[in-house]
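Colleague: My file is my_file21.tsv. It has TSV, C-alpha atoms:
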chain	number	residue	atom	x	y	z
A	1	MET	CA	61.78	-13.27	-5.22
A	2	LYS	CA	64.40	-16.01	-4.88
A	3	SER	CA	61.74	-18.71	-4.99
A	4	GLN	CA	60.19	-17.03	-8.04
A	5	LEU	CA	63.59	-17.02	-9.76
A	6	SER	CA	64.05	-20.68	-8.91
A	7	GLU	CA	60.66	-21.43	-10.44
A	8	LEU	CA	61.56	-19.31	-13.47
A	9	SER	CA	64.71	-21.36	-13.96
A	10	ALA	CA	62.75	-24.61	-13.80
A	11	LEU	CA	60.04	-23.16	-16.07
A	12	LEU	CA	62.65	-22.42	-18.71
A	13	ASP	CA	63.67	-26.07	-18.60
A	14	GLY	CA	60.08	-27.29	-18.63
A	15	GLU	CA	60.66	-28.96	-15.28
A	16	LEU	CA	58.02	-27.36	-13.08
A	17	ASP	CA	55.26	-29.48	-11.62
A	18	PRO	CA	52.01	-28.96	-13.56
A	19	HIS	CA	50.34	-27.01	-10.74
A	20	GLU	CA	53.31	-24.62	-10.57
A	21	VAL	CA	53.44	-23.71	-14.26
A	22	ARG	CA	50.54	-21.29	-14.64
A	23	PRO	CA	51.37	-19.23	-11.53
A	24	ALA	CA	55.01	-19.06	-12.63
A	25	VAL	CA	54.05	-17.98	-16.17
A	26	LYS	CA	51.66	-15.38	-14.80
A	27	ALA	CA	54.35	-13.98	-12.49
A	28	ALA	CA	56.90	-13.91	-15.32
A	29	THR	CA	54.60	-11.98	-17.64
A	30	HIS	CA	53.72	-9.45	-14.94
A	31	GLU	CA	57.13	-8.80	-13.37
A	32	SER	CA	59.72	-7.00	-15.49
A	33	GLU	CA	62.53	-8.20	-13.21
A	34	LEU	CA	61.52	-11.81	-13.86
A	35	ARG	CA	61.43	-11.17	-17.61
A	36	GLU	CA	64.95	-9.74	-17.46
A	37	ASN	CA	66.15	-12.77	-15.57
A	38	TRP	CA	64.47	-15.01	-18.14
A	39	GLN	CA	66.45	-13.25	-20.87
A	40	ALA	CA	69.67	-13.65	-18.89
A	41	TYR	CA	69.09	-17.37	-18.30
A	42	VAL	CA	68.32	-17.91	-21.99
A	43	LEU	CA	71.44	-15.98	-22.99
A	44	ILE	CA	73.59	-18.07	-20.64
A	45	GLY	CA	72.34	-21.28	-22.23
A	46	ASP	CA	72.88	-19.99	-25.75
A	47	GLN	CA	76.41	-18.87	-24.88
A	48	LEU	CA	77.29	-22.23	-23.34
A	49	ARG	CA	76.04	-23.96	-26.49
A	50	ARG	CA	77.97	-21.49	-28.67
A	51	GLU	CA	74.70	-20.51	-30.29
A	52	CYS	CA	75.09	-16.75	-30.09
A	53	THR	CA	75.59	-15.09	-33.43
A	54	GLY	CA	76.81	-11.74	-32.15
A	55	SER	CA	73.72	-9.86	-33.22
A	56	ARG	CA	71.58	-7.74	-30.97
A	57	ASP	CA	68.71	-8.79	-28.72
A	58	LEU	CA	65.58	-8.70	-30.83
A	59	THR	CA	63.07	-9.04	-28.00
A	60	ALA	CA	62.57	-5.32	-27.43
A	61	CYS	CA	62.18	-4.58	-31.16
A	62	VAL	CA	59.74	-7.43	-31.70
A	63	MET	CA	57.68	-6.53	-28.64
A	64	ALA	CA	57.48	-2.88	-29.68
A	65	LYS	CA	55.89	-4.04	-32.94
A	66	ILE	CA	53.70	-6.59	-31.16
A	67	ARG	CA	52.30	-3.92	-28.84
A	68	ALA	CA	51.21	-1.98	-31.90
A	69	GLU	CA	49.32	-5.06	-33.13
A	70	PRO	CA	45.74	-5.88	-32.15
A	71	VAL	CA	45.65	-8.12	-29.09
A	72	VAL	CA	45.40	-11.77	-30.02
A	73	LEU	CA	42.34	-13.49	-28.67
A	74	ALA	CA	41.55	-17.09	-29.39
A	75	PRO	CA	38.65	-19.19	-28.05
A	76	ARG	CA	39.79	-21.01	-24.96
A	77	LYS	CA	39.97	-24.64	-25.88
A	78	LEU	CA	38.95	-27.29	-23.42
A	79	GLN	CA	41.83	-28.77	-21.46
A	80	PRO	CA	42.09	-32.55	-21.04
A	81	THR	CA	42.52	-32.20	-17.31
A	82	GLY	CA	39.73	-34.51	-16.25
A	83	ARG	CA	37.99	-31.72	-14.42
A	84	HIS	CA	34.26	-31.73	-14.99
A	85	HIS	CA	31.67	-29.13	-14.08
A	86	PRO	CA	28.46	-31.08	-13.58
A	87	GLY	CA	26.30	-28.02	-13.96
A	88	LEU	CA	27.95	-27.08	-17.23
A	89	ALA	CA	27.57	-30.54	-18.69
A	90	LEU	CA	23.98	-30.74	-17.57
A	91	ALA	CA	23.20	-27.31	-18.97
A	92	ALA	CA	24.78	-28.31	-22.26
A	93	SER	CA	22.73	-31.49	-22.35
A	94	VAL	CA	19.55	-29.58	-21.67
A	95	ALA	CA	20.44	-26.94	-24.23
A	96	GLY	CA	21.23	-29.51	-26.87
A	97	VAL	CA	18.10	-31.50	-26.19
A	98	ALA	CA	16.02	-28.37	-26.09
A	99	VAL	CA	17.18	-27.39	-29.54
A	100	VAL	CA	16.34	-30.85	-30.81
A	101	GLY	CA	12.96	-30.75	-29.12
A	102	TRP	CA	12.18	-27.23	-30.23
A	103	LEU	CA	13.00	-28.01	-33.84
A	104	ALA	CA	11.17	-31.31	-33.72
A	105	MET	CA	8.07	-29.67	-32.37
A	106	ALA	CA	8.21	-27.19	-35.19
A	107	GLY	CA	7.32	-30.07	-37.54
A	108	ASN	CA	5.37	-32.47	-35.39
A	109	SER	CA	3.45	-32.69	-32.15
A	110	GLN	CA	4.67	-35.93	-30.63
A	111	PHE	CA	5.92	-34.34	-27.36
A	112	SER	CA	4.00	-34.20	-24.15
A	113	PRO	CA	2.98	-30.87	-22.63
A	114	THR	CA	5.69	-31.31	-19.96
A	115	GLU	CA	8.36	-31.83	-22.62
A	116	SER	CA	7.05	-28.93	-24.61
A	117	ARG	CA	7.20	-26.62	-21.57
A	118	LEU	CA	10.74	-27.72	-20.75
A	119	ALA	CA	11.87	-27.18	-24.30
A	120	ALA	CA	10.09	-23.84	-24.39
A	121	VAL	CA	11.85	-22.71	-21.19
A	122	MET	CA	15.21	-23.56	-22.71
A	123	GLY	CA	14.23	-22.62	-26.22
A	124	THR	CA	14.75	-18.89	-25.93
A	125	SER	CA	18.46	-19.18	-25.21
A	126	ALA	CA	18.94	-22.54	-26.89
A	127	ALA	CA	17.64	-21.33	-30.23
A	128	VAL	CA	20.76	-19.28	-30.93
A	129	LEU	CA	23.20	-21.98	-29.86
A	130	PRO	CA	25.08	-23.61	-32.74
A	131	ALA	CA	26.37	-27.15	-32.52
A	132	PRO	CA	29.50	-27.48	-30.41
A	133	THR	CA	32.68	-27.99	-32.43
A	134	PHE	CA	34.50	-30.02	-29.74
A	135	ALA	CA	34.29	-33.76	-29.26
A	136	SER	CA	31.55	-35.07	-26.99
A	137	GLN	CA	30.74	-38.31	-25.39
A	138	VAL	CA	27.67	-39.80	-27.02
A	139	THR	CA	25.06	-41.16	-24.64
A	140	PRO	CA	23.16	-44.30	-25.54
A	141	TYR	CA	20.59	-43.59	-28.22
A	142	LEU	CA	17.26	-42.32	-26.94
A	143	THR	CA	14.37	-40.73	-28.74
A	144	PRO	CA	14.12	-37.00	-28.22
A	145	ALA	CA	11.02	-37.50	-26.08
A	146	GLN	CA	12.76	-40.01	-23.85
A	147	THR	CA	15.78	-37.79	-23.55
A	148	LEU	CA	13.72	-34.74	-22.64
A	149	ALA	CA	11.94	-36.70	-19.92
A	150	ARG	CA	15.19	-38.10	-18.61
A	151	VAL	CA	16.87	-34.71	-18.52
A	152	ALA	CA	13.86	-33.17	-16.82
A	153	ASP	CA	14.06	-35.78	-14.06
A	154	GLU	CA	17.77	-35.26	-13.63
A	155	ALA	CA	17.38	-31.52	-13.53
A	156	ALA	CA	14.75	-31.78	-10.81
A	157	LEU	CA	16.95	-34.06	-8.69
A	158	GLN	CA	20.30	-32.39	-9.06
A	159	SER	CA	21.14	-28.77	-9.79
A	160	GLN	CA	19.95	-25.66	-8.05
A	161	ASP	CA	18.22	-23.16	-10.31
A	162	SER	CA	20.99	-20.63	-9.81
A	163	THR	CA	23.68	-23.16	-10.74
A	164	MET	CA	21.85	-24.11	-13.90
A	165	THR	CA	21.21	-20.51	-14.74
A	166	ALA	CA	24.86	-19.59	-14.23
A	167	ALA	CA	26.08	-22.61	-16.16
A	168	ARG	CA	23.60	-21.95	-18.90
A	169	GLY	CA	24.77	-18.37	-19.04
A	170	ASP	CA	28.41	-19.48	-19.20
A	171	MET	CA	27.52	-21.95	-21.92
A	172	SER	CA	25.58	-19.35	-23.87
A	173	GLU	CA	28.47	-16.93	-23.73
A	174	TYR	CA	30.93	-19.61	-24.75
A	175	LEU	CA	28.87	-20.83	-27.67
A	176	LEU	CA	28.03	-17.31	-28.76
A	177	ALA	CA	31.76	-16.67	-28.92
A	178	HIS	CA	32.06	-19.66	-31.22
A	179	HIS	CA	28.98	-18.84	-33.24
A	180	THR	CA	30.84	-17.12	-36.03
A	181	GLN	CA	33.32	-19.97	-36.22
A	182	SER	CA	30.76	-22.71	-36.57
A	183	SER	CA	28.73	-23.67	-39.53
A	184	THR	CA	25.08	-22.70	-39.33
A	185	PHE	CA	23.15	-25.15	-37.19
A	186	ARG	CA	20.13	-26.41	-38.99
A	187	LEU	CA	18.28	-29.58	-38.30
A	188	GLY	CA	14.90	-28.82	-39.72
A	189	ASN	CA	12.33	-31.53	-39.26
A	190	ASN	CA	14.98	-34.23	-39.08
A	191	ALA	CA	15.64	-33.37	-35.41
A	192	GLY	CA	13.99	-36.62	-34.38
A	193	HIS	CA	16.88	-38.53	-35.90
A	194	VAL	CA	19.58	-36.64	-34.04
A	195	ARG	CA	21.33	-38.31	-31.11
A	196	THR	CA	21.65	-36.28	-27.97
A	197	VAL	CA	25.13	-35.83	-26.51
A	198	THR	CA	26.77	-34.77	-23.31
A	199	MET	CA	29.94	-32.72	-22.98
A	200	THR	CA	32.73	-34.20	-20.98
A	201	GLY	CA	35.44	-31.78	-21.94
A	202	ARG	CA	37.52	-34.28	-23.87
A	203	PRO	CA	39.42	-32.83	-26.81
A	204	ALA	CA	38.64	-33.90	-30.34
A	205	ARG	CA	40.53	-36.89	-31.62
A	206	PRO	CA	42.79	-36.14	-34.60
B	1	MET	CA	55.33	-30.97	-17.37
B	2	GLY	CA	57.91	-30.83	-20.19
B	3	GLU	CA	59.32	-27.93	-22.10
B	4	ARG	CA	56.80	-28.38	-24.90
B	5	GLU	CA	53.90	-28.22	-22.46
B	6	ALA	CA	55.40	-25.19	-20.73
B	7	ASP	CA	55.57	-23.44	-24.12
B	8	LEU	CA	51.91	-24.29	-24.70
B	9	VAL	CA	51.00	-22.61	-21.43
B	10	LEU	CA	52.78	-19.49	-22.63
B	11	VAL	CA	50.97	-19.71	-25.96
B	12	GLU	CA	47.64	-20.00	-24.17
B	13	ARG	CA	48.40	-16.86	-22.20
B	14	VAL	CA	49.13	-15.03	-25.44
B	15	GLN	CA	45.89	-16.36	-26.91
B	16	SER	CA	44.13	-14.98	-23.83
B	17	GLY	CA	45.46	-11.50	-24.55
B	18	ASP	CA	48.73	-11.42	-22.56
B	19	GLN	CA	51.22	-10.00	-25.05
B	20	GLU	CA	54.11	-10.12	-22.57
B	21	ALA	CA	53.94	-13.91	-22.62
B	22	PHE	CA	54.91	-13.71	-26.29
B	23	GLY	CA	57.99	-11.76	-25.24
B	24	LEU	CA	59.14	-14.73	-23.19
B	25	LEU	CA	58.80	-16.95	-26.25
B	26	VAL	CA	60.70	-14.44	-28.38
B	27	SER	CA	63.52	-14.29	-25.82
B	28	LYS	CA	63.68	-18.05	-25.69
B	29	TYR	CA	63.77	-18.76	-29.42
B	30	GLN	CA	65.16	-15.64	-31.09
B	31	ARG	CA	68.73	-16.92	-31.51
B	32	LYS	CA	67.61	-20.33	-32.61
B	33	LEU	CA	65.31	-18.81	-35.20
B	34	LEU	CA	67.95	-16.31	-36.29
B	35	ARG	CA	70.44	-19.11	-36.91
B	36	LEU	CA	67.83	-20.88	-39.00
B	37	VAL	CA	67.08	-17.74	-41.01
B	38	MET	CA	70.78	-17.13	-41.60
B	39	ARG	CA	70.93	-20.38	-43.56
B	40	PHE	CA	68.86	-18.52	-46.15
B	41	VAL	CA	69.80	-14.89	-45.52
B	42	ARG	CA	73.53	-14.36	-45.26
B	43	ASP	CA	73.47	-10.74	-44.28
B	44	SER	CA	73.13	-10.57	-40.49
B	45	ALA	CA	71.17	-7.32	-40.43
B	46	GLU	CA	68.69	-8.56	-43.00
B	47	ALA	CA	68.50	-11.90	-41.19
B	48	GLU	CA	67.49	-10.00	-38.05
B	49	ASP	CA	64.78	-8.19	-40.02
B	50	VAL	CA	63.48	-11.46	-41.43
B	51	THR	CA	63.55	-13.04	-37.97
B	52	GLN	CA	61.54	-10.15	-36.55
B	53	GLU	CA	59.07	-10.48	-39.39
B	54	ALA	CA	58.73	-14.21	-38.69
B	55	PHE	CA	57.90	-13.50	-35.05
B	56	ILE	CA	55.29	-10.91	-36.05
B	57	LYS	CA	53.72	-13.41	-38.44
B	58	ALA	CA	53.74	-16.04	-35.71
B	59	TYR	CA	51.99	-13.67	-33.32
B	60	ARG	CA	49.29	-12.90	-35.86
B	61	ALA	CA	48.82	-16.60	-36.62
B	62	LEU	CA	48.65	-17.67	-32.97
B	63	PRO	CA	44.84	-17.85	-32.82
B	64	GLY	CA	45.11	-20.71	-35.28
B	65	PHE	CA	47.79	-22.60	-33.34
B	66	ARG	CA	46.17	-25.66	-31.77
B	67	GLY	CA	49.19	-27.28	-30.13
B	68	GLU	CA	49.27	-30.40	-32.29
B	69	SER	CA	52.98	-29.71	-32.84
B	70	ALA	CA	55.53	-28.16	-30.52
B	71	PHE	CA	55.56	-24.37	-30.60
B	72	TYR	CA	59.10	-24.19	-31.99
B	73	THR	CA	58.28	-26.69	-34.74
B	74	TRP	CA	55.45	-24.43	-35.79
B	75	LEU	CA	57.65	-21.33	-35.48
B	76	TYR	CA	60.37	-23.08	-37.50
B	77	ARG	CA	58.00	-23.51	-40.45
B	78	ILE	CA	57.01	-19.85	-40.27
B	79	GLY	CA	60.69	-18.87	-40.16
B	80	VAL	CA	61.54	-20.97	-43.20
B	81	ASN	CA	58.59	-19.61	-45.19
B	82	THR	CA	59.38	-16.04	-44.23
B	83	ALA	CA	63.01	-16.45	-45.24
B	84	LYS	CA	62.08	-18.06	-48.56
B	85	ASN	CA	59.57	-15.31	-49.32
B	86	TRP	CA	62.25	-12.76	-48.53
B	87	LEU	CA	64.61	-14.45	-50.98
B	88	VAL	CA	61.97	-14.40	-53.70
B	89	ALA	CA	61.19	-10.75	-53.07
B	90	ARG	CA	64.87	-9.92	-52.98
B	91	SER	CA	65.52	-11.61	-56.28
B	92	ARG	CA	62.83	-9.41	-57.82
B	93	ARG	CA	64.27	-6.26	-56.23
B	94	MET	CA	67.91	-6.90	-57.08
B	95	PRO	CA	68.97	-4.87	-60.12
B	96	THR	CA	70.90	-6.70	-62.78
B	97	VAL	CA	74.41	-5.53	-63.55
B	98	SER	CA	73.22	-3.70	-66.65
B	99	GLU	CA	70.76	-1.66	-64.56
B	100	ILE	CA	73.46	-0.18	-62.38
B	101	ALA	CA	74.60	3.14	-63.82
B	102	THR	CA	78.34	2.98	-64.19
B	103	ASP	CA	78.78	6.51	-62.96
B	104	ASP	CA	76.64	5.91	-59.85
B	105	THR	CA	78.87	3.36	-58.22
B	106	THR	CA	79.50	5.66	-55.29
B	107	ASP	CA	75.86	5.19	-54.25
B	108	ILE	CA	76.50	1.55	-53.62
B	109	GLY	CA	78.75	2.53	-50.76
B	110	ASP	CA	80.87	-0.06	-49.05
B	111	GLY	CA	80.31	-2.97	-51.39
B	112	GLY	CA	76.61	-2.53	-51.79
B	113	LEU	CA	74.49	-5.62	-51.74
B	114	LEU	CA	76.60	-7.91	-49.56
B	115	ARG	CA	76.94	-5.83	-46.40
B	116	ASP	CA	77.15	-6.72	-42.74
B	117	ASP	CA	75.84	-4.06	-40.40
B	118	THR	CA	77.13	-5.64	-37.21
B	119	THR	CA	79.01	-2.84	-35.56
B	120	PRO	CA	82.40	-3.25	-33.89
B	121	GLU	CA	80.69	-2.41	-30.61
B	122	GLN	CA	78.28	-5.30	-31.05
B	123	ILE	CA	81.08	-7.67	-31.90
B	124	LEU	CA	83.02	-6.53	-28.83
B	125	MET	CA	79.96	-6.84	-26.61
B	126	SER	CA	79.28	-10.34	-27.89
B	127	LYS	CA	82.87	-11.33	-27.21
B	128	GLN	CA	82.74	-9.85	-23.70
B	129	ILE	CA	79.54	-11.69	-22.92
B	130	GLY	CA	81.05	-14.97	-24.08
B	131	GLU	CA	84.18	-14.45	-22.01
B	132	THR	CA	82.16	-13.47	-18.95
B	133	VAL	CA	79.99	-16.56	-19.16
B	134	ASN	CA	82.97	-18.85	-19.64
B	135	ALA	CA	84.87	-17.28	-16.75
B	136	ALA	CA	81.83	-17.50	-14.50
B	137	MET	CA	81.40	-21.16	-15.43
B	138	ASP	CA	85.01	-21.91	-14.55
B	139	ALA	CA	84.54	-20.20	-11.19
B	140	LEU	CA	81.50	-22.31	-10.24
B	141	PRO	CA	81.74	-25.11	-7.70
B	142	GLU	CA	82.01	-28.43	-9.49
B	143	ASP	CA	78.52	-29.66	-8.62
B	144	LEU	CA	76.90	-26.49	-9.96
B	145	ARG	CA	79.07	-26.48	-13.08
B	146	THR	CA	78.31	-30.13	-13.78
B	147	ALA	CA	74.58	-29.64	-13.30
B	148	ILE	CA	74.27	-26.66	-15.63
B	149	ALA	CA	76.56	-28.23	-18.24
B	150	LEU	CA	74.51	-31.40	-18.29
B	151	ARG	CA	71.37	-29.35	-18.71
B	152	GLU	CA	72.44	-26.66	-21.16
B	153	ILE	CA	75.09	-28.44	-23.22
B	154	GLU	CA	74.03	-32.10	-23.02
B	155	GLY	CA	70.31	-31.34	-22.91
B	156	LEU	CA	69.55	-33.86	-20.17
B	157	SER	CA	66.32	-33.69	-18.18
B	158	TYR	CA	66.40	-33.06	-14.44
B	159	GLU	CA	65.59	-36.70	-13.86
B	160	GLU	CA	68.49	-37.82	-16.02
B	161	ILE	CA	70.85	-35.38	-14.34
B	162	ALA	CA	69.71	-36.66	-10.96
B	163	GLN	CA	70.66	-40.18	-12.03
B	164	VAL	CA	74.03	-39.05	-13.37
B	165	MET	CA	74.85	-37.01	-10.28
B	166	ASP	CA	73.19	-39.45	-7.88
B	167	CYS	CA	71.14	-36.81	-6.14
B	168	PRO	CA	67.45	-35.89	-5.80
B	169	ILE	CA	65.69	-34.01	-8.59
B	170	GLY	CA	65.09	-31.11	-6.21
B	171	THR	CA	68.85	-30.82	-5.71
B	172	VAL	CA	69.35	-30.75	-9.46
B	173	ARG	CA	66.81	-27.95	-9.80
B	174	SER	CA	68.52	-26.01	-7.03
B	175	ARG	CA	72.02	-26.47	-8.46
B	176	ILE	CA	71.01	-25.37	-11.94
B	177	PHE	CA	69.24	-22.31	-10.55
B	178	ARG	CA	72.21	-21.35	-8.37
B	179	ALA	CA	74.58	-21.80	-11.29
B	180	ARG	CA	72.45	-19.56	-13.51
B	181	GLU	CA	72.19	-16.93	-10.81
B	182	ALA	CA	75.96	-16.96	-10.21
B	183	ILE	CA	76.65	-16.46	-13.92
B	184	ALA	CA	73.85	-13.92	-14.35
B	185	THR	CA	75.23	-11.85	-11.47
B	186	LYS	CA	78.46	-11.36	-13.42
B	187	LEU	CA	76.61	-10.87	-16.67
B	188	ARG	CA	74.14	-8.22	-15.51
B	189	PRO	CA	76.57	-5.27	-15.63
B	190	LEU	CA	77.08	-6.01	-19.33
B	191	LEU	CA	73.37	-6.47	-19.94
B	192	ASP	CA	72.58	-3.16	-18.31
B	193	THR	CA	74.25	-1.33	-21.17
B	194	GLU	CA	72.27	-0.06	-24.18
B	195	SER	CA	69.68	-2.69	-25.06
B	196	ASP	CA	70.70	-2.72	-28.73
B	197	GLN	CA	74.26	-3.52	-27.78
B	198	ARG	CA	73.39	-6.71	-25.90
B	199	TRP	CA	75.16	-9.89	-26.86
For the file at hand, write its structure as C-alpha cells.
Modeller:
Amino acid sequence: MKSQLSELSALLDGELDPHEVRPAVKAATHESELRENWQAYVLIGDQLRRECTGSRDLTACVMAKIRAEPVVLAPRKLQPTGRHHPGLALAASVAGVAVVGWLAMAGNSQFSPTESRLAAVMGTSAAVLPAPTFASQVTPYLTPAQTLARVADEAALQSQDSTMTAARGDMSEYLLAHHTQSSTFRLGNNAGHVRTVTMTGRPARP
Amino acid sequence: MGEREADLVLVERVQSGDQEAFGLLVSKYQRKLLRLVMRFVRDSAEAEDVTQEAFIKAYRALPGFRGESAFYTWLYRIGVNTAKNWLVARSRRMPTVSEIATDDTTDIGDGGLLRDDTTPEQILMSKQIGETVNAAMDALPEDLRTAIALREIEGLSYEEIAQVMDCPIGTVRSRIFRAREAIATKLRPLLDTESDQRW
C-alpha cells in the first residue's frame, strides 16, 4: 500500500513515468482507500495555497449524481505510442482494398479472377466497413488491380490465417462501432480513382 | 508524463466507462472550479450548486473531449458557461421590488435573496483543517517541508525541485510523499467526520 500511495502522490503531480500512470490510475479508481488519500492530498495542497473557500466537499454529491447518469462511452482513439500491430494494419489494407475492388468490379470487369476471388473473400465483411475517420499514411499510388495483387502476395507471405481473421474481426468491430459516426461510404464506379491507404495509428493532424 | 497527460489518462478511463475516475478529477478540481464560479455567483451555496452542475455537464460532454486542450481548460469553459447561464436564469426568476407583497416580507426570511448557507460548523471545520495543516507543516523536517512547499506553493516540477534542493528526482518524490502522509495522518481524524462537514 505504501508504494501505491507514493505512486498516487506522484500521479497527482503528474510526475509518474509513462508506464506507471495507467496502473496507478486503475488502482486509484478501484481502491476506496486510495481515493480517500487522493482527496486528502488535494486538500493539503489547496490549504497550503490558501485556496479553500470553507465550503463542503462536493465529490460525494457530484458522484452520487454521476452514478445515476448513463455510463459514458467514447470510441477509443488511437494513441500516438508508436506501437503497431502488423496484422491489424494488414487487415485494414486488405479491407480497404477489397472495398475498392468490390465497388470497382460492380461497374467494370478489369480485375483478374484471382483479384476477384480475393476481393470476394473480403467483400462480405468489407462491404459494411465505412471509411476510417483517423489519419492514415498514404502508400505510393497504385491502381486497384496492382494493389490487390500486391496485398495478396503480402498476405500469402506474412500473416497466419488466424491472425488475419482475428485482426479482421477486431477491425470490423472497431469500424462497426464508428459506423454511426461516419458519413456514409460511397464510392460508386469511381473506385478506380481512389488511392489505397494503410493505417499506422498516427493521430489526425489538426 | 506531465499533469496534463495524467489528467488525459483519467479522462480516457472515464470514456471507457470507469465513473470513479471522474471522481478523482472532481476531487482535484472542485475548489478551483468553485472559486471560478464564485466570481459570478456570490452566494456560496448557489455557487456550490452551479459547480456541481458544471461537473455534471462536463461528464455528459466527455465523449466529445478530444484532448486538444488541457482537461481543466476545457472544464473552465464549461464552468464559465454554466455560471453565466445561471445568472441569466436567475435574472429572469428574480421578482422585481413591485412584485414582492409588502405584507409577505416574513417569507423572505433572513434577508432573502442574498443569503449564505455556510453553517457555523462548516466554518469551524474549515478553520480547524487550515490550522491542522499549518501546524503539521511546521512540525515537518526541513527537507520535507521545503520539498512540499516548492511543489504545492511554488508549483515547481520534481526536476526543478531536485535542482533547487540538489538531490535526485527520486528523493524529491519520496520527500513530497512523506510530507503529504505526515500531514494527512493528522488531518484524517477531521476528515473522518460527517462528509458534508469536510473542509
Colleague: Please compute the atom CA of Ser91 of chain B-atom CA of Leu75 of chain B distance, one decimal, in Å.
Modeller: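 Calculated distance between atom CA of Ser91 of chain B and atom CA of Leu75 of chain B is 24.3 Å.
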Colleague: Please report the interatomic distance between atom CA of Glu20 of chain B and atom CA of Asn85 of chain B in Å with one decimal.
Modeller: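 A separation of 27.8 Å between them.
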Colleague: As a short mmCIF file (atom, residue, chain, number, x, y, z; two decimals) with C-alpha atoms, in the frame of the given file, could you give me every residue of chain A near chain B (at most 6 Å apart, counting all atoms listed in the file)?
Modeller:
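Result saved to out.cif:
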data_model
loop_
_atom_site.label_atom_id
_atom_site.label_comp_id
_atom_site.auth_asym_id
_atom_site.auth_seq_id
_atom_site.Cartn_x
_atom_site.Cartn_y
_atom_site.Cartn_z
CA SER A 6 64.05 -20.68 -8.91
CA SER A 9 64.71 -21.36 -13.96
CA ASP A 13 63.67 -26.07 -18.60
CA GLY A 14 60.08 -27.29 -18.63
CA GLU A 15 60.66 -28.96 -15.28
CA ASP A 17 55.26 -29.48 -11.62
CA PRO A 18 52.01 -28.96 -13.56
CA THR A 29 54.60 -11.98 -17.64
CA GLN A 39 66.45 -13.25 -20.87
CA VAL A 42 68.32 -17.91 -21.99
CA GLY A 45 72.34 -21.28 -22.23
CA ARG A 49 76.04 -23.96 -26.49
CA GLY A 54 76.81 -11.74 -32.15
CA ARG A 56 71.58 -7.74 -30.97
CA ASP A 57 68.71 -8.79 -28.72
CA THR A 59 63.07 -9.04 -28.00
CA VAL A 62 59.74 -7.43 -31.70
CA VAL A 71 45.65 -8.12 -29.09
CA VAL A 72 45.40 -11.77 -30.02
CA LEU A 73 42.34 -13.49 -28.67
CA ALA A 74 41.55 -17.09 -29.39
#
Colleague: May I ask for the distance between atom CA of Val41 of chain B and atom CA of Leu87 of chain B, given in Å to one decimal place?
Modeller: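 Answer for the atom CA of Val41 of chain B to atom CA of Leu87 of chain B separation: 7.5 Å.
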